[in-house]
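Trainee: The structure that follows is given in the form of structure tokens.
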Amino acid sequence: MGEKKGRVFSGARPTGRQHLGNYLGAIRNYVALQDDYDCIYCVVDLHALTTLKDTEYLREWTYEMVLDWLAAGLDPARGTIIFVQSHVLQVTELHTILSMVTPLGWLTRLPTFKEKVRQQPDNVNYGLVGYPVLMAADITLYKADTVPVGVDQAPHLEFTREIVRRFNAIFGPVLVEPQAKHTDFPKVLGIDGQQKMSKSLNNHIEIAASPEEIRQRVMQMVTDPQRTHRHIPGRPEVCNVFTLHRFFSPNELAQIDADCRTARIGCVDCKKIFARNLTEYFAPFRERRAALAADPNYVWDILAEGARRASAIATQTLTEVKAAVGLPPVR
Ligand code: TRP
């Protein structure tokens with residue numbers, strides 16, 4: 001790894017094909033950060049086990065997500081490491097060690113934990129409580145100083161920082177205290193115009209969608225709820241389609257804004273423009289994705305190489321950690 005500003009680490013649960021929310025909120029950022037940082041991106045399959053009832057899709061979802069990442073521009077040839085969390089076992093060792101300096105109250109007080117308890121009262125498993133400890137292990141194992149995550153992850157990042165300070169205060173300055181780097185893009189709503197875009201709500205648009213799929217999904221999008229008839233002027237500031245136009249239609253934005261407010265165009269017209277621009281924007285992406293998918297081993301080869309490189313860094317950190325803690329070395 002070269003002369004960069006620092007080291008980025010981020011993790012994402014394997015959720016399969018990525019959608020516009022993933023793209024605008026995370027992937028686009030992951031790609032851009034490669035210019036200035038050594039980047040490590042991890043598919044956190046162990047974290048996914050804390051909430052999944054159904055694990056039969058983990059392989060497929062890992063594959064589809066990483067294929068999207070690569071087609072979007074994450075590039076191991078530029079030094080970026082992409083790997084699967086469970087392929088680098090050292091993280092579970094560090095997790096165990098960090099768990100010994102984690103007061104249980106810190107974990108059960110976290111708003112993210114309380115939310116999960118509300119969501120799955122019948123499955124409040126041990127791993128769920130320890131979720132932030134595993135995340136702290138992810139980040140600190142690679143001595144990352146910069147962690148791009150959504151604001152929803154801010155409590156977890158704060159937790160990681162506290163654990164690092166505590167560990168270092170007890171055992172000496174071994175771990176690096178990371179900084180969160182939140183994206184500027186506002187929350188991306190689903191085609192329902194109400195809730196955050198998410199695969200589980202089926203209100204999403206996949207970035208790998210075909211032009212026909214894009215058209216169908218876009219035509220279902222909810223616009224300004226007051227604009228119930230074609231002749232009623234619209235309010236772009238409350239319209240989810242317009243929010244996305246900001247990103248995908250920068251050159252037409254003023255025109256669309258004016259034409260909507262004066263009812264010169266209707267919502268169907270506006271959506272047609274959006275579908276067209278979205279289709280165009282992701283055309284090179286779709287091509288690269290298809291080309292990469294032609295070799296079914298490609299993604300797995302990238303992940304195997306990523307695991308080897310990640311493991312080398314992990315082993316180094318863990319050796320330092322164990323020595324600092326005082327665990328006896330082998331022989
Ligand atoms: N908890 C994160 C999320 O749900 C995923 C994650 C796991 C992560 N480990 C991480 C993010 C390390 C950043 C760094 O989005």
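By convention here, the chains of the structure tokens are called A, B, ... in the order presented, each chain's residues are numbered starting at 1, and ligands are numbered starting at 1 in the order presented.
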Per residue of segment 153-268 of chain A within 9 Å of segment 118-137 of chain A, what are the shortest atom pair and its distance in Å to one decimal, counting only C-alpha atoms, with rows by chain and residue number, as CSV?

Mentor:
residue,atom,partner,partner_atom,distance
A:His156,CA,A:Pro132,CA,5.8
A:Leu157,CA,A:Ala136,CA,7.8
A:Phe159,CA,A:Pro132,CA,7.2
A:Thr160,CA,A:Ala136,CA,4.8
A:Arg161,CA,A:Ala136,CA,8.2
A:Ile163,CA,A:Ala136,CA,7.6
A:Val164,CA,A:Ala136,CA,8.2

Trainee: So that I have them on file, write out the residues from the current selection with N, CA, C and O atoms, as a compact mmCIF listing (two decimals), in the first residue's frame.

Mentor:
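Below is the file that was written, out.txt:
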# COMPACT_ATOMS: atom_id res chain seq x y z
N HIS A 156 -22.19 3.07 16.91
CA HIS A 156 -21.22 1.97 16.85
C HIS A 156 -19.79 2.49 16.73
O HIS A 156 -18.85 1.93 17.30
N LEU A 157 -19.64 3.56 15.95
CA LEU A 157 -18.31 4.14 15.81
C LEU A 157 -17.84 4.75 17.12
O LEU A 157 -16.68 4.61 17.51
N PHE A 159 -18.76 3.81 20.01
CA PHE A 159 -18.45 2.66 20.86
C PHE A 159 -17.02 2.15 20.56
O PHE A 159 -16.24 1.88 21.48
N THR A 160 -16.70 2.01 19.29
CA THR A 160 -15.37 1.54 18.91
C THR A 160 -14.28 2.46 19.48
O THR A 160 -13.28 2.00 20.03
N ARG A 161 -14.53 3.75 19.39
CA ARG A 161 -13.55 4.70 19.91
C ARG A 161 -13.36 4.55 21.41
O ARG A 161 -12.24 4.61 21.93
N ILE A 163 -13.86 1.82 23.18
CA ILE A 163 -13.15 0.57 23.44
C ILE A 163 -11.65 0.73 23.18
O ILE A 163 -10.82 0.23 23.94
N VAL A 164 -11.33 1.43 22.11
CA VAL A 164 -9.91 1.65 21.80
C VAL A 164 -9.23 2.43 22.92
O VAL A 164 -8.16 2.05 23.40

Trainee: Given a cut-off of 6 Å, what residues near ligand 1 show up using only C-alpha atoms and all ligand atoms, put as a short mmCIF file (atom, residue, chain, number, x, y, z; two decimals) with all heavy atoms, in the first residue's frame?

Mentor:
data_model
loop_
_atom_site.label_atom_id
_atom_site.label_comp_id
_atom_site.auth_asym_id
_atom_site.auth_seq_id
_atom_site.Cartn_x
_atom_site.Cartn_y
_atom_site.Cartn_z
N PHE A 9 -11.54 1.57 6.43
CA PHE A 9 -12.18 0.26 6.52
C PHE A 9 -13.67 0.48 6.56
O PHE A 9 -14.17 1.35 7.27
CB PHE A 9 -11.76 -0.47 7.81
CG PHE A 9 -12.34 -1.86 7.91
CD1 PHE A 9 -11.60 -2.98 7.56
CD2 PHE A 9 -13.66 -2.04 8.34
CE1 PHE A 9 -12.15 -4.25 7.63
CE2 PHE A 9 -14.22 -3.32 8.41
CZ PHE A 9 -13.45 -4.43 8.06
N SER A 10 -14.40 -0.29 5.79
CA SER A 10 -15.84 -0.31 5.98
C SER A 10 -16.38 -1.70 5.74
O SER A 10 -15.78 -2.50 5.02
CB SER A 10 -16.54 0.70 5.07
OG SER A 10 -17.88 0.87 5.53
N GLY A 11 -17.51 -1.96 6.36
CA GLY A 11 -18.13 -3.26 6.22
C GLY A 11 -19.57 -3.11 5.79
O GLY A 11 -20.22 -2.11 6.12
N ALA A 12 -20.05 -4.07 5.04
CA ALA A 12 -21.46 -4.07 4.66
C ALA A 12 -21.98 -5.50 4.74
O ALA A 12 -21.28 -6.45 4.36
CB ALA A 12 -21.63 -3.52 3.25
N ARG A 13 -23.19 -5.62 5.24
CA ARG A 13 -23.78 -6.96 5.29
C ARG A 13 -24.07 -7.43 3.88
O ARG A 13 -24.47 -6.64 3.03
CB ARG A 13 -25.11 -6.91 6.03
CG ARG A 13 -25.04 -6.55 7.46
CD ARG A 13 -26.36 -5.90 7.80
NE ARG A 13 -26.42 -5.54 9.20
CZ ARG A 13 -27.09 -6.24 10.11
NH1 ARG A 13 -27.79 -7.30 9.77
NH2 ARG A 13 -27.08 -5.87 11.36
N VAL A 44 -19.53 -8.32 5.71
CA VAL A 44 -19.61 -8.80 7.10
C VAL A 44 -20.67 -9.89 7.25
O VAL A 44 -21.76 -9.68 7.79
CB VAL A 44 -19.80 -7.63 8.09
CG1 VAL A 44 -18.56 -6.75 8.13
CG2 VAL A 44 -21.01 -6.76 7.76
N MET A 135 -17.69 -5.41 15.47
CA MET A 135 -17.44 -4.29 14.55
C MET A 135 -16.17 -3.54 14.96
O MET A 135 -15.36 -3.17 14.11
CB MET A 135 -18.65 -3.37 14.55
CG MET A 135 -18.55 -2.23 13.57
SD MET A 135 -20.19 -1.53 13.26
CE MET A 135 -19.68 0.10 12.66
N ASP A 138 -13.35 -5.59 13.76
CA ASP A 138 -13.16 -5.38 12.31
C ASP A 138 -12.25 -4.19 12.05
O ASP A 138 -11.28 -4.27 11.29
CB ASP A 138 -14.50 -5.00 11.64
CG ASP A 138 -15.41 -6.19 11.38
OD1 ASP A 138 -14.91 -7.30 11.21
OD2 ASP A 138 -16.64 -5.96 11.33
N ILE A 139 -12.61 -3.09 12.67
CA ILE A 139 -11.94 -1.82 12.37
C ILE A 139 -10.52 -1.80 12.94
O ILE A 139 -9.57 -1.42 12.25
CB ILE A 139 -12.77 -0.65 12.94
CG1 ILE A 139 -14.15 -0.61 12.26
CG2 ILE A 139 -12.03 0.68 12.77
CD1 ILE A 139 -15.16 0.30 12.97
N VAL A 147 -13.52 5.56 8.82
CA VAL A 147 -14.57 4.57 8.59
C VAL A 147 -15.80 5.23 7.95
O VAL A 147 -16.56 5.93 8.63
CB VAL A 147 -14.96 3.87 9.91
CG1 VAL A 147 -16.03 2.82 9.66
CG2 VAL A 147 -13.74 3.24 10.58
N VAL A 149 -19.35 5.37 7.00
CA VAL A 149 -20.59 4.68 7.37
C VAL A 149 -21.74 5.67 7.38
O VAL A 149 -21.53 6.88 7.48
CB VAL A 149 -20.53 4.04 8.78
CG1 VAL A 149 -19.85 2.70 8.78
CG2 VAL A 149 -19.90 4.99 9.79
#

Trainee: Per residue of segment 223-259 of chain A within 12 Å of segment 168-187 of chain A, note the shortest atom pair and the distance in Å to one decimal, counting only C-alpha atoms, and order the rows by chain and increasing residue number, as JSON lines.

Mentor:
{"residue": "A:Asn240", "atom": "CA", "partner": "A:Lys187", "partner_atom": "CA", "distance": 10.6}
{"residue": "A:Thr243", "atom": "CA", "partner": "A:Pro186", "partner_atom": "CA", "distance": 9.0}
{"residue": "A:Leu244", "atom": "CA", "partner": "A:Pro186", "partner_atom": "CA", "distance": 10.1}
{"residue": "A:Arg246", "atom": "CA", "partner": "A:Phe185", "partner_atom": "CA", "distance": 10.6}
{"residue": "A:Phe247", "atom": "CA", "partner": "A:Phe185", "partner_atom": "CA", "distance": 9.4}

Trainee: May I ask for the distance between atom CA of Arg165 of chain A and atom CA of Leu104 of chain A, given in Å to one decimal place?

Mentor: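 We find that atom CA of Arg165 of chain A and atom CA of Leu104 of chain A lie 16.5 Å from each other.
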
Trainee: Per DSSP on the backbone, what are the helix (DSSP H, G or I) residues of segment 120-275 of chain A, as a VMD selection string?

Mentor: chain A and resid 126 to 141 151 to 171 211 to 219 236 to 238 240 to 248 250 to 261 267 to 275

Trainee: Where does DSSP see strand (DSSP E) in segment 53-197 of chain A, if you list the residues as a ChimeraX atom specification?

Mentor: /A:81-84,146-148,179-181

Trainee: Per residue of segment 50-169 of chain A within 9 Å of segment 297-319 of chain A, note the shortest atom pair and the distance in Å to one decimal, counting only C-alpha atoms, and order the rows by chain and increasing residue number, as a Markdown table.

Mentor:
| residue | atom | partner | partner_atom | distance |
| --- | --- | --- | --- | --- |
| A:Tyr63 | CA | A:Val299 | CA | 6.7 |
| A:Glu64 | CA | A:Val299 | CA | 9.0 |
| A:Val66 | CA | A:Val299 | CA | 6.8 |
| A:Leu67 | CA | A:Val299 | CA | 6.4 |
| A:Leu70 | CA | A:Val299 | CA | 8.4 |
| A:Pro76 | CA | A:Ile302 | CA | 7.7 |
| A:Thr80 | CA | A:Gly306 | CA | 8.4 |
| A:Ile81 | CA | A:Gly306 | CA | 5.0 |
| A:Ile82 | CA | A:Gly306 | CA | 5.0 |
| A:Phe83 | CA | A:Leu303 | CA | 4.7 |
| A:Val84 | CA | A:Leu303 | CA | 6.6 |
| A:Gln85 | CA | A:Ala307 | CA | 8.3 |
| A:His87 | CA | A:Ala307 | CA | 6.0 |
| A:Val88 | CA | A:Ser311 | CA | 5.7 |
| A:Leu89 | CA | A:Ser311 | CA | 8.2 |
| A:Gln90 | CA | A:Ala314 | CA | 6.3 |
| A:Val91 | CA | A:Ala314 | CA | 7.7 |
| A:Glu93 | CA | A:Leu318 | CA | 8.1 |
| A:Leu94 | CA | A:Leu318 | CA | 6.9 |
| A:Thr140 | CA | A:Thr317 | CA | 8.4 |
| A:Leu141 | CA | A:Ala314 | CA | 5.4 |
| A:Tyr142 | CA | A:Ala314 | CA | 6.0 |
| A:Lys143 | CA | A:Thr317 | CA | 7.7 |

Trainee: I'd like to know which of A:Glu252, A:Glu212, A:Asp257, A:Glu60 is closest to Val238 of chain A, using only C-alpha atoms.

Mentor: A:Asp257

Trainee: Skip Asn277 of chain A itself and residues of its chain fewer than 5 positions away, then list as a tab-separated table (two decimals) with all heavy atoms, in the first residue's frame all residues within 9 Å of it, counting only C-alpha atoms.

Mentor:
chain	number	residue	atom	x	y	z
A	245	HIS	N	-33.54	13.24	-9.06
A	245	HIS	CA	-33.13	14.04	-10.22
A	245	HIS	C	-31.90	14.89	-9.89
A	245	HIS	O	-31.05	15.12	-10.73
A	245	HIS	CB	-34.26	14.98	-10.67
A	245	HIS	CG	-35.19	14.39	-11.69
A	245	HIS	ND1	-34.74	13.84	-12.87
A	245	HIS	CD2	-36.55	14.30	-11.72
A	245	HIS	CE1	-35.78	13.42	-13.58
A	245	HIS	NE2	-36.89	13.68	-12.90
A	248	PHE	N	-29.11	12.53	-10.65
A	248	PHE	CA	-29.02	11.88	-11.96
A	248	PHE	C	-29.35	12.80	-13.13
A	248	PHE	O	-29.15	12.42	-14.28
A	248	PHE	CB	-29.90	10.62	-11.98
A	248	PHE	CG	-29.41	9.55	-11.05
A	248	PHE	CD1	-30.03	9.31	-9.83
A	248	PHE	CD2	-28.30	8.78	-11.38
A	248	PHE	CE1	-29.57	8.33	-8.95
A	248	PHE	CE2	-27.84	7.80	-10.52
A	248	PHE	CZ	-28.47	7.58	-9.31
A	249	SER	N	-29.92	13.97	-12.87
A	249	SER	CA	-30.30	14.88	-13.95
A	249	SER	C	-29.78	16.30	-13.71
A	249	SER	O	-30.55	17.26	-13.83
A	249	SER	CB	-31.83	14.91	-14.08
A	249	SER	OG	-32.38	13.62	-14.03
A	272	LYS	N	-40.36	9.69	-16.85
A	272	LYS	CA	-39.73	9.22	-18.08
A	272	LYS	C	-38.32	9.80	-18.21
A	272	LYS	O	-37.38	9.09	-18.59
A	272	LYS	CB	-40.56	9.60	-19.31
A	272	LYS	CG	-41.74	8.67	-19.54
A	272	LYS	CD	-42.48	9.02	-20.81
A	272	LYS	CE	-43.69	8.11	-21.00
A	272	LYS	NZ	-44.68	8.72	-21.91
A	282	PHE	N	-26.25	4.22	-15.53
A	282	PHE	CA	-25.73	2.90	-15.16
A	282	PHE	C	-25.41	2.00	-16.36
A	282	PHE	O	-25.12	0.83	-16.17
A	282	PHE	CB	-26.69	2.19	-14.19
A	282	PHE	CG	-26.64	2.76	-12.79
A	282	PHE	CD1	-27.69	3.51	-12.29
A	282	PHE	CD2	-25.52	2.55	-11.99
A	282	PHE	CE1	-27.62	4.05	-11.00
A	282	PHE	CE2	-25.44	3.08	-10.71
A	282	PHE	CZ	-26.49	3.83	-10.21

Trainee: Hey, can you check how far atom CA of Arg7 of chain A sits from atom CA of Trp106 of chain A?

Mentor: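 Spanning atom CA of Arg7 of chain A to atom CA of Trp106 of chain A is a straight-line distance of 26.8 Å.
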
Trainee: What does the distance between atom CA of Phe113 of chain A and atom CA of Leu20 of chain A come to in Å, to one decimal place?

Mentor: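 Going from atom CA of Phe113 of chain A over to atom CA of Leu20 of chain A covers 26.4 Å.
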
Trainee: Kindly indicate which residue among A:Thr15, A:Gln216, A:Thr146, A:Asn251 lies nearest to Leu33 of chain A, using only C-alpha atoms for the distances.

Mentor: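 Nearest to Leu33 of chain A: A:Thr146.
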